[in-house]
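Trainee: My structure is stored as coords-v1.cif, with mmCIF, N, CA and C atoms and all ligand atoms.
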```cif
data_data
loop_
_atom_site.label_atom_id
_atom_site.label_comp_id
_atom_site.auth_asym_id
_atom_site.auth_seq_id
_atom_site.Cartn_x
_atom_site.Cartn_y
_atom_site.Cartn_z
N MET A 1 59.87 86.57 87.04
CA MET A 1 60.68 85.46 87.58
C MET A 1 62.09 85.58 87.05
N ARG A 2 62.19 85.72 85.73
CA ARG A 2 63.49 85.81 85.12
C ARG A 2 64.22 87.07 85.60
N ARG A 3 63.42 88.13 85.71
CA ARG A 3 64.00 89.39 86.13
C ARG A 3 64.55 89.29 87.55
N ALA A 4 63.80 88.60 88.39
CA ALA A 4 64.24 88.44 89.78
C ALA A 4 65.57 87.69 89.82
N SER A 5 65.69 86.68 88.97
CA SER A 5 66.92 85.90 89.05
C SER A 5 68.10 86.70 88.49
N ILE A 6 67.81 87.55 87.48
CA ILE A 6 68.89 88.40 86.98
C ILE A 6 69.33 89.37 88.09
N LEU A 7 68.33 89.95 88.75
CA LEU A 7 68.64 90.88 89.83
C LEU A 7 69.46 90.19 90.91
N PHE A 8 69.05 88.95 91.20
CA PHE A 8 69.76 88.23 92.24
C PHE A 8 71.21 87.98 91.83
N SER A 9 71.42 87.63 90.56
CA SER A 9 72.78 87.38 90.08
C SER A 9 73.64 88.62 90.21
N VAL A 10 73.05 89.77 89.83
CA VAL A 10 73.79 91.02 89.91
C VAL A 10 74.18 91.29 91.36
N PHE A 11 73.20 91.07 92.25
CA PHE A 11 73.45 91.30 93.66
C PHE A 11 74.57 90.39 94.17
N ALA A 12 74.48 89.10 93.81
CA ALA A 12 75.48 88.14 94.28
C ALA A 12 76.86 88.51 93.74
N PHE A 13 76.90 88.94 92.51
CA PHE A 13 78.17 89.31 91.88
C PHE A 13 78.80 90.50 92.62
N CYS A 14 77.99 91.51 92.91
CA CYS A 14 78.52 92.70 93.59
C CYS A 14 78.99 92.35 94.99
N THR A 15 78.22 91.52 95.68
CA THR A 15 78.59 91.16 97.05
C THR A 15 79.92 90.42 97.04
N ALA A 16 80.07 89.50 96.10
CA ALA A 16 81.33 88.74 96.02
C ALA A 16 82.50 89.70 95.78
N GLY A 17 82.27 90.70 94.93
CA GLY A 17 83.32 91.68 94.66
C GLY A 17 83.71 92.45 95.90
N LEU A 18 82.70 92.85 96.68
CA LEU A 18 82.96 93.61 97.90
C LEU A 18 83.72 92.79 98.91
N ILE A 19 83.32 91.53 99.06
CA ILE A 19 84.00 90.66 100.02
C ILE A 19 85.45 90.48 99.61
N ALA A 20 85.68 90.28 98.31
CA ALA A 20 87.06 90.11 97.84
C ALA A 20 87.87 91.36 98.15
N GLN A 21 87.26 92.53 97.93
CA GLN A 21 87.99 93.77 98.16
C GLN A 21 88.34 93.94 99.64
N ASN A 22 87.37 93.60 100.52
CA ASN A 22 87.64 93.73 101.96
C ASN A 22 88.73 92.78 102.41
N ALA A 23 88.75 91.58 101.85
CA ALA A 23 89.79 90.62 102.21
C ALA A 23 91.14 91.14 101.76
N ASP A 24 91.19 91.71 100.56
CA ASP A 24 92.41 92.34 100.05
C ASP A 24 92.91 93.41 101.00
N LEU A 25 91.97 94.27 101.42
CA LEU A 25 92.34 95.40 102.27
C LEU A 25 92.85 94.91 103.62
N ALA A 26 92.16 93.92 104.20
CA ALA A 26 92.56 93.40 105.51
C ALA A 26 93.98 92.83 105.43
N GLN A 27 94.25 92.08 104.36
CA GLN A 27 95.58 91.51 104.18
C GLN A 27 96.62 92.62 103.99
N TYR A 28 96.24 93.59 103.17
CA TYR A 28 97.16 94.70 102.88
C TYR A 28 97.52 95.44 104.17
N GLN A 29 96.50 95.66 105.02
CA GLN A 29 96.75 96.41 106.26
C GLN A 29 97.73 95.68 107.17
N THR A 30 97.69 94.33 107.16
CA THR A 30 98.66 93.62 108.02
C THR A 30 100.07 93.84 107.48
N TRP A 31 100.24 93.85 106.16
CA TRP A 31 101.58 94.12 105.61
C TRP A 31 102.03 95.53 105.95
N MET A 32 101.10 96.47 105.76
CA MET A 32 101.43 97.88 105.99
C MET A 32 101.83 98.08 107.45
N LYS A 33 101.06 97.48 108.35
CA LYS A 33 101.36 97.64 109.79
C LYS A 33 102.71 97.00 110.12
N THR A 34 102.98 95.83 109.53
CA THR A 34 104.27 95.17 109.78
C THR A 34 105.41 96.03 109.26
N GLY A 35 105.22 96.60 108.05
CA GLY A 35 106.25 97.45 107.46
C GLY A 35 106.55 98.66 108.32
N VAL A 36 105.49 99.30 108.83
CA VAL A 36 105.65 100.50 109.65
C VAL A 36 106.30 100.14 110.99
N ALA A 37 105.85 99.04 111.60
CA ALA A 37 106.43 98.62 112.88
C ALA A 37 107.91 98.33 112.70
N ALA A 38 108.26 97.69 111.58
CA ALA A 38 109.66 97.36 111.31
C ALA A 38 110.48 98.64 111.12
N GLN A 39 109.88 99.61 110.42
CA GLN A 39 110.59 100.88 110.21
C GLN A 39 110.89 101.55 111.55
N ARG A 40 109.87 101.61 112.43
CA ARG A 40 110.06 102.26 113.74
C ARG A 40 111.11 101.51 114.54
N ALA A 41 111.04 100.17 114.51
CA ALA A 41 111.97 99.37 115.30
C ALA A 41 113.40 99.52 114.77
N MET A 42 113.53 99.68 113.44
CA MET A 42 114.87 99.90 112.88
C MET A 42 115.42 101.24 113.35
N MET A 43 114.56 102.26 113.37
CA MET A 43 115.02 103.58 113.82
C MET A 43 115.49 103.49 115.27
N ALA A 44 114.70 102.81 116.10
CA ALA A 44 115.08 102.65 117.50
C ALA A 44 116.37 101.83 117.61
N GLY A 45 116.48 100.81 116.78
CA GLY A 45 117.66 99.95 116.80
C GLY A 45 118.92 100.70 116.42
N VAL A 46 118.80 101.59 115.43
CA VAL A 46 119.96 102.38 115.00
C VAL A 46 120.39 103.31 116.15
N THR A 47 119.41 103.96 116.77
CA THR A 47 119.73 104.85 117.90
C THR A 47 120.41 104.07 119.03
N ALA A 48 119.90 102.88 119.31
CA ALA A 48 120.42 102.08 120.42
C ALA A 48 121.64 101.25 120.00
N LYS A 49 122.03 101.35 118.74
CA LYS A 49 123.13 100.53 118.19
C LYS A 49 122.91 99.04 118.50
N ASP A 50 121.71 98.59 118.27
CA ASP A 50 121.32 97.21 118.53
C ASP A 50 121.28 96.43 117.21
N ALA A 51 122.40 95.81 116.88
CA ALA A 51 122.54 95.15 115.58
C ALA A 51 121.50 94.03 115.40
N GLY A 52 121.19 93.33 116.47
CA GLY A 52 120.21 92.23 116.39
C GLY A 52 118.84 92.75 115.98
N ALA A 53 118.42 93.83 116.64
CA ALA A 53 117.10 94.40 116.34
C ALA A 53 117.07 94.95 114.91
N ILE A 54 118.17 95.55 114.48
CA ILE A 54 118.23 96.10 113.12
C ILE A 54 118.07 94.98 112.11
N LYS A 55 118.82 93.92 112.31
CA LYS A 55 118.79 92.80 111.36
C LYS A 55 117.39 92.18 111.29
N GLU A 56 116.83 91.91 112.45
CA GLU A 56 115.52 91.26 112.51
C GLU A 56 114.46 92.12 111.81
N ASN A 57 114.47 93.42 112.10
CA ASN A 57 113.42 94.28 111.55
C ASN A 57 113.66 94.67 110.10
N SER A 58 114.92 94.65 109.70
CA SER A 58 115.24 94.86 108.29
C SER A 58 114.60 93.75 107.46
N ALA A 59 114.72 92.52 107.96
CA ALA A 59 114.13 91.38 107.24
C ALA A 59 112.60 91.47 107.24
N LYS A 60 112.03 91.85 108.39
CA LYS A 60 110.55 91.96 108.48
C LYS A 60 110.03 93.02 107.53
N GLY A 61 110.71 94.17 107.53
CA GLY A 61 110.26 95.27 106.67
C GLY A 61 110.38 94.88 105.20
N ALA A 62 111.51 94.26 104.85
CA ALA A 62 111.74 93.87 103.45
C ALA A 62 110.66 92.89 103.01
N GLU A 63 110.31 91.96 103.88
CA GLU A 63 109.30 90.96 103.52
C GLU A 63 107.93 91.61 103.33
N ALA A 64 107.58 92.52 104.25
CA ALA A 64 106.27 93.17 104.15
C ALA A 64 106.18 94.00 102.86
N PHE A 65 107.22 94.77 102.58
CA PHE A 65 107.15 95.61 101.38
C PHE A 65 107.27 94.78 100.09
N ASP A 66 107.91 93.63 100.19
CA ASP A 66 107.94 92.74 99.03
C ASP A 66 106.52 92.22 98.73
N SER A 67 105.79 91.86 99.78
CA SER A 67 104.41 91.40 99.59
C SER A 67 103.56 92.53 99.01
N ILE A 68 103.79 93.75 99.51
CA ILE A 68 103.05 94.91 99.02
C ILE A 68 103.36 95.14 97.52
N ALA A 69 104.63 94.98 97.16
CA ALA A 69 105.02 95.15 95.75
C ALA A 69 104.29 94.12 94.88
N LYS A 70 104.24 92.87 95.35
CA LYS A 70 103.58 91.82 94.57
C LYS A 70 102.09 92.11 94.44
N TYR A 71 101.51 92.60 95.53
CA TYR A 71 100.08 92.95 95.49
C TYR A 71 99.82 93.97 94.37
N TRP A 72 100.62 95.03 94.33
CA TRP A 72 100.38 96.06 93.31
C TRP A 72 100.70 95.54 91.91
N GLY A 73 101.57 94.54 91.84
CA GLY A 73 101.84 93.89 90.56
C GLY A 73 100.57 93.24 90.02
N THR A 74 99.80 92.62 90.91
CA THR A 74 98.56 91.96 90.45
C THR A 74 97.52 93.00 90.05
N LYS A 75 97.66 94.23 90.52
CA LYS A 75 96.70 95.29 90.16
C LYS A 75 97.21 96.12 88.97
N GLN A 76 98.33 95.70 88.41
CA GLN A 76 98.92 96.45 87.29
C GLN A 76 99.12 97.94 87.59
N LYS A 77 99.79 98.19 88.72
CA LYS A 77 100.11 99.58 89.10
C LYS A 77 101.62 99.71 89.25
N PRO A 78 102.32 99.88 88.12
CA PRO A 78 103.79 99.86 88.17
C PRO A 78 104.39 100.95 89.06
N ASP A 79 103.72 102.10 89.19
CA ASP A 79 104.30 103.13 90.05
C ASP A 79 104.26 102.70 91.52
N ALA A 80 103.17 102.04 91.93
CA ALA A 80 103.07 101.55 93.31
C ALA A 80 104.06 100.42 93.55
N VAL A 81 104.24 99.56 92.53
CA VAL A 81 105.23 98.48 92.64
C VAL A 81 106.60 99.09 92.90
N LYS A 82 106.92 100.15 92.16
CA LYS A 82 108.23 100.79 92.30
C LYS A 82 108.42 101.38 93.71
N PHE A 83 107.40 102.07 94.23
CA PHE A 83 107.51 102.62 95.59
C PHE A 83 107.76 101.48 96.58
N ALA A 84 107.00 100.39 96.43
CA ALA A 84 107.11 99.29 97.39
C ALA A 84 108.45 98.58 97.24
N GLU A 85 108.94 98.43 96.01
CA GLU A 85 110.25 97.80 95.83
C GLU A 85 111.37 98.69 96.38
N ASP A 86 111.23 99.99 96.21
CA ASP A 86 112.22 100.90 96.79
C ASP A 86 112.21 100.77 98.32
N ALA A 87 111.00 100.67 98.89
CA ALA A 87 110.88 100.52 100.35
C ALA A 87 111.51 99.19 100.80
N ARG A 88 111.27 98.14 100.02
CA ARG A 88 111.87 96.83 100.33
C ARG A 88 113.39 96.92 100.31
N ASP A 89 113.93 97.51 99.23
CA ASP A 89 115.39 97.58 99.09
C ASP A 89 116.01 98.47 100.17
N ALA A 90 115.31 99.56 100.52
CA ALA A 90 115.83 100.44 101.57
C ALA A 90 115.82 99.71 102.91
N SER A 91 114.77 98.92 103.17
CA SER A 91 114.72 98.15 104.42
C SER A 91 115.91 97.21 104.51
N LYS A 92 116.20 96.53 103.39
CA LYS A 92 117.36 95.62 103.37
C LYS A 92 118.64 96.38 103.62
N ALA A 93 118.74 97.56 102.98
CA ALA A 93 119.99 98.33 103.03
C ALA A 93 120.32 98.80 104.45
N VAL A 94 119.29 98.94 105.31
CA VAL A 94 119.57 99.38 106.68
C VAL A 94 120.47 98.35 107.37
N ALA A 95 120.18 97.07 107.19
CA ALA A 95 121.00 96.04 107.84
C ALA A 95 122.33 95.84 107.12
N GLU A 96 122.37 96.17 105.82
CA GLU A 96 123.62 95.97 105.07
C GLU A 96 124.62 97.09 105.31
N ALA A 97 124.13 98.24 105.78
CA ALA A 97 125.03 99.39 105.99
C ALA A 97 126.06 99.05 107.07
N THR A 98 127.26 99.59 106.88
CA THR A 98 128.34 99.23 107.80
C THR A 98 128.59 100.30 108.87
N ASP A 99 127.93 101.45 108.72
CA ASP A 99 128.08 102.46 109.78
C ASP A 99 126.75 103.21 109.95
N GLU A 100 126.69 104.07 110.97
CA GLU A 100 125.43 104.73 111.27
C GLU A 100 124.99 105.68 110.16
N ALA A 101 125.95 106.32 109.52
CA ALA A 101 125.58 107.23 108.43
C ALA A 101 124.87 106.44 107.32
N GLY A 102 125.38 105.27 107.02
CA GLY A 102 124.77 104.43 106.00
C GLY A 102 123.38 103.96 106.43
N GLN A 103 123.24 103.63 107.71
CA GLN A 103 121.92 103.19 108.21
C GLN A 103 120.92 104.33 108.12
N GLN A 104 121.37 105.53 108.51
CA GLN A 104 120.46 106.69 108.45
C GLN A 104 120.07 107.01 107.01
N ALA A 105 121.04 106.86 106.10
CA ALA A 105 120.74 107.14 104.69
C ALA A 105 119.69 106.16 104.18
N ALA A 106 119.82 104.89 104.55
CA ALA A 106 118.84 103.88 104.11
C ALA A 106 117.47 104.16 104.73
N LEU A 107 117.46 104.55 106.01
CA LEU A 107 116.18 104.88 106.66
C LEU A 107 115.53 106.08 105.97
N GLY A 108 116.37 107.03 105.54
CA GLY A 108 115.85 108.20 104.82
C GLY A 108 115.20 107.79 103.51
N LYS A 109 115.84 106.86 102.83
CA LYS A 109 115.26 106.37 101.56
C LYS A 109 113.93 105.67 101.81
N LEU A 110 113.90 104.87 102.87
CA LEU A 110 112.67 104.15 103.22
C LEU A 110 111.54 105.16 103.46
N GLN A 111 111.85 106.18 104.25
CA GLN A 111 110.85 107.20 104.57
C GLN A 111 110.39 107.95 103.31
N GLY A 112 111.30 108.06 102.37
CA GLY A 112 110.97 108.78 101.14
C GLY A 112 109.94 108.08 100.27
N THR A 113 109.69 106.80 100.52
CA THR A 113 108.74 106.06 99.69
C THR A 113 107.29 106.24 100.17
N CYS A 114 107.11 106.57 101.45
CA CYS A 114 105.77 106.54 102.06
C CYS A 114 104.83 107.51 101.36
N ARG A 115 105.24 108.76 101.31
CA ARG A 115 104.31 109.79 100.85
C ARG A 115 103.93 109.63 99.38
N GLY A 116 104.91 109.26 98.57
CA GLY A 116 104.63 109.12 97.14
C GLY A 116 103.51 108.14 96.89
N CYS A 117 103.58 107.01 97.57
CA CYS A 117 102.55 105.99 97.37
C CYS A 117 101.23 106.42 98.01
N HIS A 118 101.31 107.00 99.20
CA HIS A 118 100.07 107.41 99.89
C HIS A 118 99.29 108.45 99.10
N THR A 119 100.02 109.38 98.49
CA THR A 119 99.34 110.45 97.75
C THR A 119 98.42 109.86 96.68
N VAL A 120 98.90 108.82 96.03
CA VAL A 120 98.13 108.26 94.92
C VAL A 120 97.16 107.16 95.37
N TYR A 121 97.58 106.35 96.36
CA TYR A 121 96.83 105.11 96.62
C TYR A 121 96.18 104.99 97.99
N ARG A 122 96.49 105.90 98.94
CA ARG A 122 95.94 105.73 100.28
C ARG A 122 94.87 106.77 100.58
N ASN A 123 93.78 106.29 101.19
CA ASN A 123 92.77 107.19 101.72
C ASN A 123 92.53 106.75 103.16
N GLY A 124 93.27 107.33 104.10
CA GLY A 124 93.16 106.92 105.51
C GLY A 124 93.58 105.47 105.65
N SER A 125 92.66 104.63 106.14
CA SER A 125 92.95 103.21 106.27
C SER A 125 92.32 102.42 105.13
N GLU A 126 92.15 103.08 103.99
CA GLU A 126 91.57 102.39 102.84
C GLU A 126 92.36 102.69 101.58
N PHE A 127 92.01 102.00 100.53
CA PHE A 127 92.59 102.31 99.23
C PHE A 127 91.87 103.52 98.66
N LYS A 128 92.58 104.33 97.91
CA LYS A 128 91.94 105.40 97.17
C LYS A 128 91.30 104.77 95.95
N GLN A 129 90.06 105.11 95.68
CA GLN A 129 89.38 104.45 94.55
C GLN A 129 89.71 105.16 93.25
C1 LIG B 1 103.35 101.03 97.73
C2 LIG B 1 102.49 101.94 98.43
C3 LIG B 1 102.79 102.32 99.86
C4 LIG B 1 104.00 102.54 100.46
C5 LIG B 1 105.40 102.49 99.85
C6 LIG B 1 103.72 102.89 101.84
N1 LIG B 1 102.36 102.84 102.06
FE1 LIG B 1 101.43 103.13 103.82
N2 LIG B 1 99.63 102.74 102.98
C7 LIG B 1 99.41 102.47 101.65
C8 LIG B 1 97.99 102.25 101.41
C9 LIG B 1 97.34 101.91 100.07
C10 LIG B 1 97.35 102.39 102.67
C11 LIG B 1 95.83 102.26 102.96
C12 LIG B 1 95.48 100.82 103.35
C13 LIG B 1 95.90 100.51 104.75
O1 LIG B 1 95.43 101.16 105.71
O2 LIG B 1 96.77 99.62 104.92
C14 LIG B 1 98.41 102.69 103.63
C15 LIG B 1 98.21 102.87 104.99
C16 LIG B 1 99.18 103.22 105.89
C17 LIG B 1 98.94 103.39 107.32
C18 LIG B 1 97.61 103.12 108.03
C19 LIG B 1 97.56 101.63 108.34
C20 LIG B 1 96.27 101.20 108.98
O3 LIG B 1 96.27 100.96 110.19
O4 LIG B 1 95.25 101.11 108.28
C21 LIG B 1 100.13 103.76 107.87
C22 LIG B 1 100.40 104.04 109.35
C23 LIG B 1 101.10 103.82 106.81
N3 LIG B 1 100.50 103.47 105.61
C24 LIG B 1 102.43 104.17 106.97
C25 LIG B 1 103.40 104.06 105.97
C26 LIG B 1 104.79 104.40 106.16
C27 LIG B 1 105.40 104.96 107.46
C28 LIG B 1 105.42 104.13 104.99
C29 LIG B 1 106.88 104.29 104.63
C30 LIG B 1 107.86 103.67 105.47
C31 LIG B 1 104.41 103.62 104.05
N4 LIG B 1 103.20 103.61 104.69
C32 LIG B 1 104.68 103.22 102.76
C33 LIG B 1 100.37 102.40 100.67
C34 LIG B 1 101.75 102.51 100.87
#
```
Could you express the structure from this file as structure tokens?
Ligand code: HEC
Mentor:
Amino acid sequence: MRRASILFSVFAFCTAGLIAQNADLAQYQTWMKTGVAAQRAMMAGVTAKDAGAIKENSAKGAEAFDSIAKYWGTKQKPDAVKFAEDARDASKAVAEATDEAGQQAALGKLQGTCRGCHTVYRNGSEFKQ
């Protein structure tokens, strides 16, 4: 009897952990998708010289990567926080740039953050364990 209840507790504990992890991942994926969509839209905006689209997506990208940075802060992963903060700052810099060369430079910096973080923390559409 006692053993069964211990087993049950262990099971309940593990299930709760899994559910929490899936909720984390689902939330994370929405930020990641928003960040990527914003990056693509900024690239298109720069090509089309559409200041409105650049501004709007610069803010969206910065917000998504800021949330991602905070997430990694709660996981005590300072290198991931740094990649995400660099991505956030580069997103902001696209709208702050005063000419196309500056916009392209900021987009280049943004792109430079993707691989570093993915190598360590991404496994397809999941976290690397
Ligand atoms: C701070 C870390 C970090 C940075 C920076 C980052 N990513 Fe990610 N990315 C991840 C992790 C972790 C996953 C796996 C979880 C997921 O799928 O969202 C991921 C997943 C993705 C996915 C799959 C999303 C899905 O549908 O599941 C795409 C696409 C992607 N990243 C593109 C990018 C691009 C483009 C950049 C740069 C502009 C970037 N990422 C920057 C960590 C990062």
Trainee: Return as a Markdown table the residues of chain A lying at most 7 Å from ligand LIG 1 (chain B), together with the closest atom-to-atom pair for each and the distance in Å to one decimal, counting only N, CA and C atoms and all ligand atoms, with rows in chain order and ascending residue number.
Mentor:
```
| residue | atom | partner | partner_atom | distance |
| --- | --- | --- | --- | --- |
| A:Leu25 | C | B:LIG1 | O2 | 6.3 |
| A:Tyr28 | C | B:LIG1 | O2 | 4.3 |
| A:Gln29 | CA | B:LIG1 | O2 | 3.5 |
| A:Thr30 | N | B:LIG1 | O2 | 5.8 |
| A:Trp31 | C | B:LIG1 | O2 | 6.7 |
| A:Met32 | CA | B:LIG1 | O2 | 5.1 |
| A:Lys33 | N | B:LIG1 | C19 | 5.4 |
| A:Gly35 | C | B:LIG1 | C30 | 5.9 |
| A:Val36 | CA | B:LIG1 | C27 | 5.0 |
| A:Gln39 | CA | B:LIG1 | C30 | 6.1 |
| A:Ile68 | C | B:LIG1 | C1 | 5.9 |
| A:Ala69 | N | B:LIG1 | C1 | 6.2 |
| A:Asp79 | C | B:LIG1 | C1 | 6.5 |
| A:Ala80 | C | B:LIG1 | C1 | 4.3 |
| A:Val81 | N | B:LIG1 | C1 | 5.5 |
| A:Lys82 | C | B:LIG1 | C1 | 6.5 |
| A:Phe83 | C | B:LIG1 | C5 | 4.2 |
| A:Ala84 | N | B:LIG1 | C1 | 3.9 |
| A:Glu85 | N | B:LIG1 | C1 | 6.4 |
| A:Ala87 | CA | B:LIG1 | C5 | 5.8 |
| A:Leu110 | C | B:LIG1 | C30 | 4.5 |
| A:Gln111 | CA | B:LIG1 | C30 | 4.7 |
| A:Gly112 | N | B:LIG1 | C29 | 6.2 |
| A:Thr113 | C | B:LIG1 | C5 | 4.2 |
| A:Cys114 | CA | B:LIG1 | C32 | 3.6 |
| A:Arg115 | N | B:LIG1 | C32 | 5.8 |
| A:Gly116 | C | B:LIG1 | C2 | 6.5 |
| A:Cys117 | CA | B:LIG1 | C2 | 4.2 |
| A:His118 | N | B:LIG1 | C34 | 4.8 |
| A:Tyr121 | C | B:LIG1 | C9 | 3.9 |
| A:Arg122 | CA | B:LIG1 | C9 | 4.1 |
| A:Asn123 | N | B:LIG1 | C11 | 4.9 |
| A:Gly124 | C | B:LIG1 | O1 | 4.7 |
| A:Ser125 | CA | B:LIG1 | O1 | 3.3 |
| A:Glu126 | C | B:LIG1 | C11 | 3.8 |
| A:Phe127 | N | B:LIG1 | C11 | 4.5 |
| A:Lys128 | N | B:LIG1 | C9 | 5.8 |
```
Trainee: Could those selected residues go to a file with N, CA and C atoms, as a short mmCIF file (atom, residue, chain, number, x, y, z; two decimals), in the frame of the given file?
Mentor:
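This is the output file result_25.cif:
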```
data_model
loop_
_atom_site.label_atom_id
_atom_site.label_comp_id
_atom_site.auth_asym_id
_atom_site.auth_seq_id
_atom_site.Cartn_x
_atom_site.Cartn_y
_atom_site.Cartn_z
N LEU A 25 91.97 94.27 101.42
CA LEU A 25 92.34 95.40 102.27
C LEU A 25 92.85 94.91 103.62
N TYR A 28 96.24 93.59 103.17
CA TYR A 28 97.16 94.70 102.88
C TYR A 28 97.52 95.44 104.17
N GLN A 29 96.50 95.66 105.02
CA GLN A 29 96.75 96.41 106.26
C GLN A 29 97.73 95.68 107.17
N THR A 30 97.69 94.33 107.16
CA THR A 30 98.66 93.62 108.02
C THR A 30 100.07 93.84 107.48
N TRP A 31 100.24 93.85 106.16
CA TRP A 31 101.58 94.12 105.61
C TRP A 31 102.03 95.53 105.95
N MET A 32 101.10 96.47 105.76
CA MET A 32 101.43 97.88 105.99
C MET A 32 101.83 98.08 107.45
N LYS A 33 101.06 97.48 108.35
CA LYS A 33 101.36 97.64 109.79
C LYS A 33 102.71 97.00 110.12
N GLY A 35 105.22 96.60 108.05
CA GLY A 35 106.25 97.45 107.46
C GLY A 35 106.55 98.66 108.32
N VAL A 36 105.49 99.30 108.83
CA VAL A 36 105.65 100.50 109.65
C VAL A 36 106.30 100.14 110.99
N GLN A 39 109.88 99.61 110.42
CA GLN A 39 110.59 100.88 110.21
C GLN A 39 110.89 101.55 111.55
N ILE A 68 103.79 93.75 99.51
CA ILE A 68 103.05 94.91 99.02
C ILE A 68 103.36 95.14 97.52
N ALA A 69 104.63 94.98 97.16
CA ALA A 69 105.02 95.15 95.75
C ALA A 69 104.29 94.12 94.88
N ASP A 79 103.72 102.10 89.19
CA ASP A 79 104.30 103.13 90.05
C ASP A 79 104.26 102.70 91.52
N ALA A 80 103.17 102.04 91.93
CA ALA A 80 103.07 101.55 93.31
C ALA A 80 104.06 100.42 93.55
N VAL A 81 104.24 99.56 92.53
CA VAL A 81 105.23 98.48 92.64
C VAL A 81 106.60 99.09 92.90
N LYS A 82 106.92 100.15 92.16
CA LYS A 82 108.23 100.79 92.30
C LYS A 82 108.42 101.38 93.71
N PHE A 83 107.40 102.07 94.23
CA PHE A 83 107.51 102.62 95.59
C PHE A 83 107.76 101.48 96.58
N ALA A 84 107.00 100.39 96.43
CA ALA A 84 107.11 99.29 97.39
C ALA A 84 108.45 98.58 97.24
N GLU A 85 108.94 98.43 96.01
CA GLU A 85 110.25 97.80 95.83
C GLU A 85 111.37 98.69 96.38
N ALA A 87 111.00 100.67 98.89
CA ALA A 87 110.88 100.52 100.35
C ALA A 87 111.51 99.19 100.80
N LEU A 110 113.90 104.87 102.87
CA LEU A 110 112.67 104.15 103.22
C LEU A 110 111.54 105.16 103.46
N GLN A 111 111.85 106.18 104.25
CA GLN A 111 110.85 107.20 104.57
C GLN A 111 110.39 107.95 103.31
N GLY A 112 111.30 108.06 102.37
CA GLY A 112 110.97 108.78 101.14
C GLY A 112 109.94 108.08 100.27
N THR A 113 109.69 106.80 100.52
CA THR A 113 108.74 106.06 99.69
C THR A 113 107.29 106.24 100.17
N CYS A 114 107.11 106.57 101.45
CA CYS A 114 105.77 106.54 102.06
C CYS A 114 104.83 107.51 101.36
N ARG A 115 105.24 108.76 101.31
CA ARG A 115 104.31 109.79 100.85
C ARG A 115 103.93 109.63 99.38
N GLY A 116 104.91 109.26 98.57
CA GLY A 116 104.63 109.12 97.14
C GLY A 116 103.51 108.14 96.89
N CYS A 117 103.58 107.01 97.57
CA CYS A 117 102.55 105.99 97.37
C CYS A 117 101.23 106.42 98.01
N HIS A 118 101.31 107.00 99.20
CA HIS A 118 100.07 107.41 99.89
C HIS A 118 99.29 108.45 99.10
N TYR A 121 97.58 106.35 96.36
CA TYR A 121 96.83 105.11 96.62
C TYR A 121 96.18 104.99 97.99
N ARG A 122 96.49 105.90 98.94
CA ARG A 122 95.94 105.73 100.28
C ARG A 122 94.87 106.77 100.58
N ASN A 123 93.78 106.29 101.19
CA ASN A 123 92.77 107.19 101.72
C ASN A 123 92.53 106.75 103.16
N GLY A 124 93.27 107.33 104.10
CA GLY A 124 93.16 106.92 105.51
C GLY A 124 93.58 105.47 105.65
N SER A 125 92.66 104.63 106.14
CA SER A 125 92.95 103.21 106.27
C SER A 125 92.32 102.42 105.13
N GLU A 126 92.15 103.08 103.99
CA GLU A 126 91.57 102.39 102.84
C GLU A 126 92.36 102.69 101.58
N PHE A 127 92.01 102.00 100.53
CA PHE A 127 92.59 102.31 99.23
C PHE A 127 91.87 103.52 98.66
N LYS A 128 92.58 104.33 97.91
CA LYS A 128 91.94 105.40 97.17
C LYS A 128 91.30 104.77 95.95
#
```
Trainee: Distance CA of Ser91 (chain A)-atom C of Ala62 (chain A), one decimal place?
Mentor: 6.8 Å
Trainee: Using all atoms listed in the file, pick whichever of A:Gln21, A:Ala26, A:Gly102, A:Ala95 has the shortest atom-to-atom distance to Glu56 (chain A).
Mentor: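 The shortest atom-to-atom distance to Glu56 (chain A) comes from A:Ala95.
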Trainee: Among the residues of chain A, find those DSSP assigns to strand (DSSP E) from the backbone and print them as a VMD selection string.
Mentor: chain A and resid 122 to 123 126 to 127
Trainee: Between CA of Ala37 (chain A) and atom C of Glu100 (chain A), what is the distance, to one decimal in Å?
Mentor: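 Between these atoms lies a distance of 20.0 Å.
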Trainee: Atom C of Ala64 (chain A) to atom C of Thr34 (chain A): how many Å, to one decimal?
Mentor: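 Pair atom C of Ala64 (chain A) / atom C of Thr34 (chain A) returns 6.8 Å.
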Trainee: Centre and edge lengths of an axis-aligned box around all listed atoms of region 31-42 of chain A, with 6 Å added on each side, are to be given in Å to one decimal, as JSON.
Mentor:
```
{"center_x": 107.8, "center_y": 98.1, "center_z": 110.5, "size_x": 27.2, "size_y": 20.4, "size_z": 21.7}
```
Trainee: Counting all atoms listed in the file, which residue out of A:Trp72, A:Val120, A:Ala44, A:Ala90 sits closest to Gly108 (chain A)?
Mentor: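 Among A:Trp72, A:Val120, A:Ala44, A:Ala90, it is A:Ala90 that comes nearest to Gly108 (chain A).
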Trainee: Taking all atoms listed in the file into account, name the residue in A:Gln104, A:Phe65, A:Gln27, A:Pro78 that is nearest to Val46 (chain A).
Mentor: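 The answer is A:Gln104, which sits nearest to Val46 (chain A).
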